[in-house]
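input.txt follows (compact mmCIF, C-alpha atoms):
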```txt
# COMPACT_ATOMS: atom_id res chain seq x y z
CA MET A 1 -10.86 18.11 5.42
CA ARG A 2 -11.80 19.27 1.93
CA ARG A 3 -10.08 22.64 2.48
CA LEU A 4 -7.02 20.93 3.91
CA THR A 5 -6.81 18.69 0.84
CA ALA A 6 -7.24 21.69 -1.49
CA LEU A 7 -4.51 23.57 0.40
CA ALA A 8 -2.14 20.60 0.18
CA ILE A 9 -2.83 20.20 -3.57
CA ALA A 10 -2.25 23.93 -4.18
CA LEU A 11 1.02 23.88 -2.22
CA ASP A 12 2.15 20.73 -4.02
CA VAL A 13 1.37 22.15 -7.48
CA ILE A 14 3.08 25.49 -6.72
CA ALA A 15 6.21 23.88 -5.23
CA THR A 16 6.43 21.28 -8.03
CA LEU A 17 6.04 23.90 -10.76
CA SER A 18 8.53 26.16 -9.01
CA TYR A 19 11.09 23.36 -8.75
CA GLY A 20 10.43 22.14 -12.30
CA THR A 21 10.70 25.58 -13.90
CA GLY A 22 13.41 26.95 -11.63
CA ALA A 23 11.13 29.78 -10.51
CA HIS A 24 13.22 30.40 -7.41
CA ILE A 25 15.40 32.66 -9.56
CA ALA A 26 12.43 34.99 -10.13
CA VAL A 27 11.54 34.84 -6.43
CA ARG A 28 15.15 35.70 -5.53
CA TYR A 29 14.96 38.67 -7.89
CA LEU A 30 11.81 39.96 -6.18
CA ASN A 31 12.77 39.14 -2.58
CA PRO A 32 16.33 37.83 -2.09
CA SER A 33 15.95 36.48 1.45
CA PHE A 34 12.63 34.73 0.75
CA GLY A 35 14.00 33.50 -2.57
CA ALA A 36 17.01 31.96 -0.81
CA TRP A 37 14.76 30.24 1.71
CA TRP A 38 12.41 29.06 -1.03
CA ASN A 39 15.31 27.74 -3.09
CA SER A 40 16.70 25.70 -0.21
CA ASP A 41 13.34 24.33 0.95
CA GLU A 42 11.14 23.99 -2.13
CA PHE A 43 12.16 20.38 -2.73
CA ALA A 44 11.30 19.40 0.86
CA ILE A 45 7.98 21.23 0.42
CA VAL A 46 7.31 19.20 -2.76
CA GLU A 47 7.95 15.96 -0.84
CA CYS A 48 5.87 16.85 2.21
CA ALA A 49 2.99 18.40 0.24
CA ALA A 50 2.82 15.39 -2.11
CA ALA A 51 2.79 12.99 0.86
CA ALA A 52 0.09 15.09 2.53
CA VAL A 53 -2.03 15.08 -0.65
CA GLY A 54 -1.74 11.29 -0.93
CA MET A 55 -2.61 10.68 2.71
CA LEU A 56 -5.51 13.14 2.78
CA ILE A 57 -6.98 11.65 -0.40
CA GLY A 58 -6.54 8.20 1.18
CA ILE A 59 -8.35 9.29 4.34
CA ARG A 60 -11.19 10.88 2.36
CA PHE A 61 -11.51 7.84 0.10
CA GLY A 62 -11.61 5.57 3.15
CA ALA A 63 -14.20 7.81 4.81
CA ARG A 64 -16.54 7.41 1.84
CA LEU A 65 -16.68 3.68 2.56
CA VAL A 66 -17.81 4.09 6.17
CA ASN A 67 -21.49 4.29 6.94
CA ASP A 68 -21.68 5.83 10.38
CA ALA A 69 -21.22 9.64 10.43
CA ALA A 70 -19.94 9.86 14.01
CA LEU A 71 -17.41 7.07 13.54
CA ARG A 72 -16.34 8.56 10.22
CA SER A 73 -15.73 12.09 11.51
CA ARG A 74 -13.89 10.90 14.64
CA SER A 75 -11.71 8.53 12.63
CA MET A 76 -10.96 11.19 10.00
CA ILE A 77 -9.78 13.67 12.63
CA ALA A 78 -7.66 11.06 14.44
CA ALA A 79 -6.12 9.82 11.18
CA ALA A 80 -5.41 13.39 10.02
CA ILE A 81 -3.61 14.17 13.30
CA VAL A 82 -1.50 11.00 13.04
CA CYS A 83 -0.76 11.79 9.38
CA ALA A 84 0.36 15.32 10.33
CA LEU A 85 2.69 13.93 13.00
CA ALA A 86 4.08 11.26 10.67
CA LEU A 87 4.31 13.59 7.64
CA PRO A 88 8.10 14.20 7.74
CA ILE A 89 8.81 10.46 7.99
CA ILE A 90 6.28 9.46 5.33
CA GLY A 91 7.46 12.29 3.06
CA ARG A 92 11.06 11.12 3.41
CA VAL A 93 10.28 7.42 2.87
CA GLY A 94 7.92 8.24 -0.03
CA ALA A 95 10.68 10.34 -1.61
CA GLU A 96 13.13 7.45 -1.27
CA ILE A 97 10.66 5.13 -3.00
CA ALA A 98 9.87 7.71 -5.69
CA ARG A 99 13.59 7.83 -6.56
CA LEU A 100 13.62 4.11 -7.36
CA ARG A 101 13.87 3.37 -11.06
CA PHE A 102 11.05 1.65 -12.87
CA THR A 103 12.56 -1.59 -14.14
CA SER A 104 10.97 -1.29 -17.57
CA GLY A 105 10.17 1.58 -19.93
CA ALA A 106 12.26 4.28 -21.57
CA SER A 107 13.13 7.80 -20.47
CA ALA A 108 11.12 10.65 -21.99
CA ASN A 109 14.24 12.82 -22.18
CA ALA A 110 15.31 11.79 -25.69
CA TRP A 111 11.79 12.02 -27.08
CA LEU A 112 11.24 15.52 -25.62
CA ILE A 113 14.57 16.81 -26.99
CA ASP A 114 13.79 15.26 -30.36
CA ARG A 115 10.34 16.81 -30.45
CA PHE A 116 10.91 20.28 -28.94
CA GLY A 117 14.63 20.94 -29.35
CA TYR A 118 17.39 20.75 -26.75
CA ASP A 119 16.57 23.77 -24.54
CA ALA A 120 12.79 23.34 -24.48
CA GLY A 121 13.17 19.56 -24.23
CA MET A 122 15.47 19.75 -21.20
CA PHE A 123 13.15 22.26 -19.55
CA LEU A 124 10.08 20.06 -20.17
CA ASP A 125 11.98 16.98 -19.01
CA LYS A 126 12.80 18.61 -15.66
CA LEU A 127 9.19 19.74 -15.30
CA LEU A 128 7.92 16.25 -16.15
CA ALA A 129 10.40 14.62 -13.76
CA ALA A 130 9.28 16.91 -10.93
CA GLY A 131 5.60 16.17 -11.69
CA VAL A 132 6.14 12.39 -11.86
CA TYR A 133 8.18 12.51 -8.65
CA SER A 134 5.38 14.35 -6.87
CA ILE A 135 2.71 11.96 -8.20
CA LYS A 136 4.77 8.92 -7.17
CA ILE A 137 5.13 10.21 -3.59
CA ALA A 138 1.38 10.92 -3.42
CA THR A 139 0.58 7.45 -4.81
CA PHE A 140 2.70 5.73 -2.17
CA ALA A 141 1.21 7.91 0.59
CA LEU A 142 -2.38 7.10 -0.44
CA PRO A 143 -2.52 3.56 1.07
CA VAL A 144 -0.81 4.91 4.19
CA GLY A 145 -3.64 7.42 4.67
CA MET A 146 -6.21 4.70 4.07
CA VAL A 147 -4.72 2.29 6.60
CA LEU A 148 -4.26 5.00 9.21
CA PHE A 149 -7.95 5.78 8.80
CA GLY A 150 -8.66 2.04 9.09
CA ALA A 151 -6.57 1.83 12.26
CA ALA A 152 -8.54 4.75 13.71
CA ILE A 153 -11.78 2.94 12.88
CA ALA A 154 -10.50 -0.21 14.54
CA ILE A 155 -9.57 1.72 17.69
CA PHE A 156 -12.89 3.56 17.92
CA MET A 157 -14.94 0.45 17.16
CA THR A 158 -13.09 -1.57 19.78
CA ALA A 159 -13.13 1.13 22.42
CA LYS A 160 -16.80 2.01 22.13
CA PRO A 161 -19.08 0.70 19.40
CA VAL A 162 -20.45 3.54 17.33
CA GLY A 163 -24.06 3.63 16.21
CA ASP A 164 -25.22 1.35 19.00
CA THR A 165 -28.30 3.30 19.96
CA ALA A 166 -30.33 0.42 21.33
CA ALA A 167 -29.25 -1.69 24.29
CA PRO A 168 -27.22 -4.68 23.20
CA ILE A 169 -28.63 -8.14 23.77
CA SER A 170 -27.72 -9.11 27.35
CA GLU A 171 -24.20 -7.82 26.97
CA MET B 1 19.33 -13.37 10.17
CA LEU B 2 19.01 -10.40 12.49
CA SER B 3 19.09 -7.62 9.93
CA LEU B 4 16.43 -4.90 9.70
CA ARG B 5 15.36 -6.23 6.32
CA PHE B 6 14.81 -9.68 7.79
CA ALA B 7 12.81 -8.28 10.74
CA VAL B 8 10.62 -6.14 8.46
CA LEU B 9 9.94 -9.09 6.15
CA PHE B 10 9.11 -11.29 9.14
CA ILE B 11 6.61 -8.74 10.53
CA HIS B 12 5.13 -8.32 7.04
CA ILE B 13 4.54 -12.06 6.68
CA VAL B 14 3.15 -12.36 10.22
CA ALA B 15 0.69 -9.54 9.45
CA VAL B 16 -0.51 -11.40 6.32
CA ILE B 17 -0.94 -14.59 8.33
CA VAL B 18 -2.92 -12.80 11.04
CA ALA B 19 -5.17 -10.89 8.61
CA LEU B 20 -5.87 -13.82 6.32
CA GLY B 21 -5.95 -16.48 9.03
CA GLY B 22 -8.38 -14.52 11.20
CA SER B 23 -10.82 -13.99 8.33
CA LEU B 24 -10.60 -17.60 7.16
CA PHE B 25 -11.03 -18.98 10.67
CA SER B 26 -14.12 -16.89 11.35
CA THR B 27 -15.67 -17.73 7.98
CA PHE B 28 -14.91 -21.42 7.68
CA ALA B 29 -14.54 -22.61 11.28
CA LEU B 30 -16.31 -20.31 13.69
CA ALA B 31 -19.43 -19.30 11.75
CA PRO B 32 -20.53 -22.90 10.85
CA VAL B 33 -19.96 -24.09 14.44
CA LEU B 34 -21.91 -21.17 15.87
CA ALA B 35 -24.75 -21.86 13.44
CA ALA B 36 -24.85 -25.52 14.45
CA GLU B 37 -24.39 -25.20 18.20
CA LEU B 38 -26.07 -21.98 19.35
CA ASP B 39 -29.59 -20.63 19.18
CA SER B 40 -30.15 -17.48 17.13
CA THR B 41 -30.02 -15.00 20.06
CA ALA B 42 -26.81 -16.39 21.52
CA ARG B 43 -25.30 -16.70 18.04
CA LEU B 44 -26.01 -13.06 17.31
CA ARG B 45 -24.54 -12.01 20.63
CA VAL B 46 -21.31 -13.84 19.80
CA ALA B 47 -21.32 -12.58 16.19
CA ARG B 48 -21.62 -8.96 17.37
CA ARG B 49 -18.53 -9.29 19.50
CA ILE B 50 -16.62 -11.14 16.78
CA VAL B 51 -17.25 -8.36 14.26
CA ARG B 52 -15.67 -5.82 16.59
CA ARG B 53 -12.68 -7.96 17.50
CA LEU B 54 -12.08 -9.08 13.93
CA CYS B 55 -12.27 -5.44 12.82
CA ALA B 56 -9.46 -4.51 15.21
CA ILE B 57 -7.34 -7.52 14.18
CA VAL B 58 -7.77 -7.20 10.42
CA LEU B 59 -7.47 -3.41 10.12
CA THR B 60 -4.44 -3.30 12.45
CA SER B 61 -2.82 -6.11 10.45
CA LEU B 62 -3.45 -4.17 7.24
CA THR B 63 -1.81 -1.10 8.76
CA VAL B 64 1.25 -3.14 9.72
CA LEU B 65 1.22 -4.74 6.25
CA VAL B 66 1.28 -1.41 4.42
CA VAL B 67 3.96 0.14 6.65
CA THR B 68 6.28 -2.89 6.44
CA GLY B 69 5.43 -3.26 2.73
CA ILE B 70 6.73 0.24 2.03
CA PHE B 71 9.99 -0.59 3.78
CA ASN B 72 10.17 -3.83 1.76
CA VAL B 73 9.90 -1.80 -1.45
CA LEU B 74 12.84 0.28 -0.24
CA PHE B 75 14.84 -2.88 0.40
CA ILE B 76 13.98 -4.38 -2.99
CA GLY B 77 15.28 -1.17 -4.58
CA GLY B 78 13.20 -1.08 -7.76
CA VAL B 79 9.63 -0.68 -8.98
CA SER B 80 8.29 -3.15 -11.52
CA ILE B 81 4.96 -3.73 -13.24
CA LEU B 82 4.33 -6.63 -10.85
CA LEU B 83 4.84 -4.32 -7.86
CA ALA B 84 2.54 -1.68 -9.37
CA ILE B 85 -0.20 -4.31 -9.83
CA LYS B 86 0.36 -5.46 -6.26
CA LEU B 87 0.02 -1.90 -4.95
CA ILE B 88 -3.26 -1.41 -6.83
CA LEU B 89 -4.57 -4.67 -5.33
CA VAL B 90 -3.46 -3.52 -1.86
CA VAL B 91 -5.51 -0.34 -2.25
CA VAL B 92 -8.50 -2.45 -3.36
CA VAL B 93 -8.08 -4.75 -0.32
CA ILE B 94 -7.92 -1.81 2.10
CA ALA B 95 -11.01 -0.27 0.49
CA LEU B 96 -12.93 -3.56 0.73
CA ALA B 97 -11.84 -4.11 4.34
CA LEU B 98 -12.95 -0.60 5.27
CA TYR B 99 -16.29 -1.24 3.56
CA GLN B 100 -16.61 -4.61 5.30
CA TYR B 101 -15.98 -3.36 8.83
CA GLY B 102 -16.79 0.34 8.64
CA ASN B 103 -20.01 -0.07 6.69
CA ILE B 104 -21.43 -3.60 6.93
CA GLY B 105 -19.88 -4.30 10.36
CA VAL B 106 -21.33 -1.11 11.87
CA GLU B 107 -24.68 -1.84 10.24
CA ILE B 108 -24.67 -5.38 11.72
CA TRP B 109 -23.85 -3.96 15.14
CA ARG B 110 -26.61 -1.37 14.90
CA THR B 111 -29.32 -3.64 13.45
CA SER B 112 -28.59 -6.62 15.66
CA ALA B 113 -29.06 -4.60 18.87
CA ALA B 114 -32.80 -5.31 18.65
CA GLY B 115 -32.29 -9.06 18.22
CA PRO B 116 -32.23 -11.56 15.37
CA SER B 117 -33.93 -10.48 12.14
CA PRO B 118 -33.79 -11.29 8.39
CA ALA B 119 -32.00 -7.97 7.79
CA VAL B 120 -29.18 -9.03 10.12
CA ALA B 121 -28.89 -12.39 8.35
CA ASP B 122 -28.60 -10.62 4.98
CA LEU B 123 -25.94 -8.27 6.35
CA GLN B 124 -24.00 -11.19 7.81
CA ALA B 125 -24.10 -13.00 4.46
CA ARG B 126 -22.83 -9.83 2.73
CA PHE B 127 -20.13 -9.47 5.41
CA ARG B 128 -18.94 -13.03 4.69
CA ARG B 129 -18.98 -12.48 0.91
CA VAL B 130 -16.87 -9.31 1.17
CA GLY B 131 -14.54 -11.11 3.61
CA LEU B 132 -14.06 -13.96 1.16
CA THR B 133 -13.33 -11.48 -1.65
CA VAL B 134 -10.76 -9.75 0.56
CA GLY B 135 -9.19 -13.13 1.40
CA SER B 136 -9.02 -14.12 -2.28
CA ILE B 137 -7.36 -10.85 -3.28
CA VAL B 138 -4.89 -11.18 -0.38
CA LEU B 139 -4.01 -14.68 -1.66
CA LEU B 140 -3.45 -13.20 -5.13
CA ILE B 141 -1.21 -10.53 -3.58
CA VAL B 142 0.76 -13.24 -1.77
CA TYR B 143 1.21 -15.06 -5.10
CA LEU B 144 2.41 -11.85 -6.77
CA SER B 145 4.79 -11.25 -3.85
CA ILE B 146 6.37 -14.67 -4.35
CA GLY B 147 6.81 -13.80 -8.02
CA LEU B 148 8.28 -10.45 -7.03
CA THR B 149 10.87 -11.78 -4.60
CA ARG B 150 11.52 -15.31 -5.81
CA GLY B 151 9.66 -16.17 -9.01
CA SER B 152 11.22 -13.88 -11.60
CA GLY B 153 14.68 -14.26 -10.09
CA ALA B 154 14.33 -18.02 -9.99
CA ILE B 155 13.19 -18.09 -13.61
CA VAL B 156 16.17 -15.99 -14.73
CA THR B 157 18.58 -18.16 -12.71
CA SER B 158 17.17 -21.38 -14.16
CA ILE B 159 17.42 -19.99 -17.72
CA ARG B 160 21.05 -18.98 -17.12
CA ARG B 161 21.78 -22.40 -15.65
CA GLY B 162 20.20 -24.04 -18.71
CA PHE B 163 22.31 -21.93 -21.07
CA ARG B 164 25.43 -22.77 -19.07
CA ARG B 165 24.71 -26.51 -19.29
CA TYR B 166 23.96 -26.21 -23.01
CA ASN B 167 27.21 -24.33 -23.68
CA GLU B 168 29.17 -26.80 -21.58
CA LYS B 169 27.68 -29.74 -23.49
CA ASN B 170 28.37 -28.13 -26.88
CA SER B 171 31.94 -27.19 -26.01
CA ARG B 172 32.62 -30.78 -24.93
CA ALA B 173 31.08 -32.15 -28.12
CA GLU B 174 33.17 -29.82 -30.32
CA ARG B 175 36.47 -30.84 -28.70
CA PRO B 176 38.54 -33.33 -30.73
CA PRO B 177 38.86 -36.77 -29.19
CA GLY B 178 41.91 -37.18 -27.06
CA CYS B 179 42.09 -33.50 -26.23
CA GLY B 180 41.81 -32.99 -22.53
CA GLY B 181 39.99 -29.72 -22.91
CA LEU B 182 40.62 -26.57 -21.03
CA PRO B 183 41.66 -26.49 -17.41
CA ARG B 184 38.75 -26.23 -15.00
CA SER B 185 39.51 -22.62 -13.98
CA GLN B 186 39.66 -21.43 -17.61
CA SER B 187 36.50 -23.18 -18.65
CA ARG B 188 34.67 -21.58 -15.74
CA SER B 189 35.82 -18.11 -16.64
CA THR B 190 34.67 -18.46 -20.24
CA LEU B 191 31.23 -19.48 -19.10
```
In structure tokens, write the structure found in this file.
Amino acid sequence: MRRLTALAIALDVIATLSYGTGAHIAVRYLNPSFGAWWNSDEFAIVECAAAAVGMLIGIRFGARLVNDAALRSRSMIAAAIVCALALPIIGRVGAEIARLRFTSGASANAWLIDRFGYDAGMFLDKLLAAGVYSIKIATFALPVGMVLFGAAIAIFMTAKPVGDTAAPISE
Amino acid sequence: MLSLRFAVLFIHIVAVIVALGGSLFSTFALAPVLAAELDSTARLRVARRIVRRLCAIVLTSLTVLVVTGIFNVLFIGGVSILLAIKLILVVVVIALALYQYGNIGVEIWRTSAAGPSPAVADLQARFRRVGLTVGSIVLLIVYLSIGLTRGSGAIVTSIRRGFRRYNEKNSRAERPPGCGGLPRSQSRSTL
């Protein structure tokens, strides 16, 4: 689970930086066909990787709160499978929510242009927007990962109580 | 009445009722009655089964709550400070519920297999305390939700209404006596 989380974080960071900096142009220069594919899909990769990061962190955070090792590992695996199946939907819904405007606060665009000049400011603004977008998707996916882990715990506890080594009292 | 938004909101509210109502019923109605009516062995036997069932009910309700809550955010169409606070509290509630059932609940189940003991009583008291904390935070979330969907809007509407009445009163007072004032349609458009 740790490796999976690290992989998702690495993919998210690479795709976000690539989208923010427009690195697909360099990729196109090196390998035109891969560059074209990367250009058309990098945004979807940002969305899915960010959602995966959020859900995996949610599952791991939830797992830290559970005492029983057997219940924890079973629930983590089940929740990770459900998260993988639901990833396109959660990525899409998370992206929709991440596009919603915050009802208060100012845009950083003007400040960045004022501070670093027009070209550098616009570049940094796009990079910042991509980073914030990715973080927002991951933040909304975090509780989803936690509740899916919780649902897995509920199912496993109801189906067969874990950690019940001794015979229950006349049950 | 039969829109998707309405259905999602209805399921969201039902999930809150089930999660909160189940916890409150077990804490304030069931536990005192069990303590008064049953001997310790029978009470523990019932309590063991309740922990498992309540775990399924509460954690499933929380799952439904989060999923429908995300759709509600989409329907609201904006993120505010109030919503951000609510989301943080939701994460806290899920964490506490996982700790309550996945940690204390499992420990109660494991320890109580041998029969009644002081350790089980301590765990049950801790289970109730965490449950009450979860219930209190859920009530706070419900309060914030009312503010999110009704409160702020209602406040803005009442302020606008107040300004409208004030303007109407002032414009009437400024009119010279005998002047009929503006026609109703015109006066409405200026306000």
Please provide as JSON, numbers by chain all residues within 12 Å of Ile141 (chain B), with the sequence filter that same-chain residues fewer than 3 positions apart are discarded (counting only C-alpha atoms). {"B": [13, 16, 20, 65, 69, 82, 83, 84, 85, 86, 87, 88, 89, 90, 91, 92, 93, 134, 135, 136, 137, 138, 144, 145, 146, 147, 148]}
Of the candidates B:Ala95, B:Val8, B:Val58, B:Leu30, which shows the shortest atom-to-atom distance to Asn72 (chain B), using all atoms listed in the file?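 The answer is B:Val8, which sits nearest to Asn72 (chain B).
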Point (-33.2, -16.8, 18.6), cut-off 12 Å, counting only C-alpha atoms, residues as a PyMOL selection string: (chain A and resi 169) or (chain B and resi 35+38-45+112+114-118+121)
Would you pick out the contacts of Gly105 (chain B) at 10 Å or less, using only C-alpha atoms, so that residues sharing its chain but fewer than 2 positions from it are not included, and give the list as a list in words? Val66, Asn67 and Met157 of chain A; Arg48, Ile50, Val51, Arg52, Leu54, Cys55, Leu98, Tyr99, Gln100, Tyr101, Gly102, Asn103, Glu107, Ile108, Trp109, Arg110, Thr111, Leu123, Gln124, Arg126 and Phe127 of chain B
Smallest atom-to-atom distance to chain A: which of B:Lys169, B:Arg129, B:Arg49, B:His12, using all atoms listed in the file?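 Using all atoms listed in the file, the shortest distance to chain A belongs to B:Arg49.
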Which residue gives the smallest distance to Ile45 (chain A) among A:Asn31, A:Ser134, A:Ser75, A:Thr21, with all atoms listed in the file counted?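 For Ile45 (chain A), the nearest of the given residues is A:Ser134.
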Long-range neighbours of Ile137 (chain A) as an NGL selection string, 8 Å cut-off, all atoms listed in the file, 3 positions minimum in chain: :A and (47 or 50-51 or 54 or 91 or 94-95 or 97-98 or 133-134 or 140-141)
Please list, as a ChimeraX atom specification, the residues that have an atom at most 6 Å away from (12.2, 32.4, -4.8) in the coordinates of this file, counting all atoms listed in the file. /A:24-28,35,38-39
Write out the residues from the selection above, keeping C-alpha atoms, as a short mmCIF file (atom, residue, chain, number, x, y, z; two decimals), in the frame of the given file.
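To be explicit, this is the file written out as again-v5.cif:
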```cif
data_model
loop_
_atom_site.label_atom_id
_atom_site.label_comp_id
_atom_site.auth_asym_id
_atom_site.auth_seq_id
_atom_site.Cartn_x
_atom_site.Cartn_y
_atom_site.Cartn_z
CA HIS A 24 13.22 30.40 -7.41
CA ILE A 25 15.40 32.66 -9.56
CA ALA A 26 12.43 34.99 -10.13
CA VAL A 27 11.54 34.84 -6.43
CA ARG A 28 15.15 35.70 -5.53
CA GLY A 35 14.00 33.50 -2.57
CA TRP A 38 12.41 29.06 -1.03
CA ASN A 39 15.31 27.74 -3.09
#
```
For each of A:Ala80, A:Ala23, A:Ile59, A:Ala6, take the minimum atom-to-atom distance to chain B, counting only C-alpha atoms, then give the residue where this is smallest.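 Under the stated criterion, the closest residue is A:Ile59.
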CA of Gly78 (chain B) sits from CA of Leu100 (chain A) at a separation of 5.2 Å
Write out as an NGL selection string each polymer residue whose atoms come within 7 Å of Ser61 (chain B), counting all atoms listed in the file; drop sequence neighbours fewer than 2 positions from it. :B and (15 or 18-19 or 57-59 or 63-65)
Once 5 Å is added on each side, what are the centre and the three edge lengths, in Å to one decimal, of the axis-aligned box enclosing the listed atoms of region 132-145 of chain A? Present them as JSON.
```
{"center_x": 2.3, "center_y": 9.0, "center_z": -3.6, "size_x": 21.8, "size_y": 20.8, "size_z": 26.5}
```
Because some atoms of region 105-117 of chain B are absent here, can you restore N, CA and C atoms and send them as a short mmCIF file (atom, residue, chain, number, x, y, z; two decimals), in the coordinates of the input?
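So the final result, stored in result_23.cif, reads:
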```cif
data_model
loop_
_atom_site.label_atom_id
_atom_site.label_comp_id
_atom_site.auth_asym_id
_atom_site.auth_seq_id
_atom_site.Cartn_x
_atom_site.Cartn_y
_atom_site.Cartn_z
N GLY B 105 -20.09 -3.94 8.96
CA GLY B 105 -19.88 -4.30 10.36
C GLY B 105 -20.66 -3.39 11.31
N VAL B 106 -20.60 -2.08 11.04
CA VAL B 106 -21.33 -1.11 11.87
C VAL B 106 -22.83 -1.33 11.73
N GLU B 107 -23.26 -1.62 10.50
CA GLU B 107 -24.68 -1.84 10.24
C GLU B 107 -25.17 -3.11 10.98
N ILE B 108 -24.33 -4.15 10.98
CA ILE B 108 -24.67 -5.38 11.72
C ILE B 108 -24.80 -5.06 13.20
N TRP B 109 -23.84 -4.31 13.71
CA TRP B 109 -23.85 -3.96 15.14
C TRP B 109 -25.11 -3.19 15.49
N ARG B 110 -25.46 -2.24 14.63
CA ARG B 110 -26.61 -1.37 14.90
C ARG B 110 -27.94 -2.16 14.78
N THR B 111 -28.07 -2.93 13.71
CA THR B 111 -29.32 -3.64 13.45
C THR B 111 -29.54 -4.79 14.44
N SER B 112 -28.45 -5.44 14.81
CA SER B 112 -28.59 -6.62 15.66
C SER B 112 -28.87 -6.28 17.13
N ALA B 113 -28.80 -4.99 17.47
CA ALA B 113 -29.06 -4.60 18.87
C ALA B 113 -30.48 -4.98 19.29
N ALA B 114 -31.40 -4.99 18.34
CA ALA B 114 -32.80 -5.31 18.65
C ALA B 114 -33.06 -6.82 18.68
N GLY B 115 -32.11 -7.60 18.24
CA GLY B 115 -32.29 -9.06 18.22
C GLY B 115 -32.23 -9.61 16.82
N PRO B 116 -32.35 -10.93 16.69
CA PRO B 116 -32.23 -11.56 15.37
C PRO B 116 -33.34 -11.10 14.41
N SER B 117 -32.96 -10.88 13.16
CA SER B 117 -33.93 -10.48 12.14
C SER B 117 -33.39 -10.87 10.76
#
```
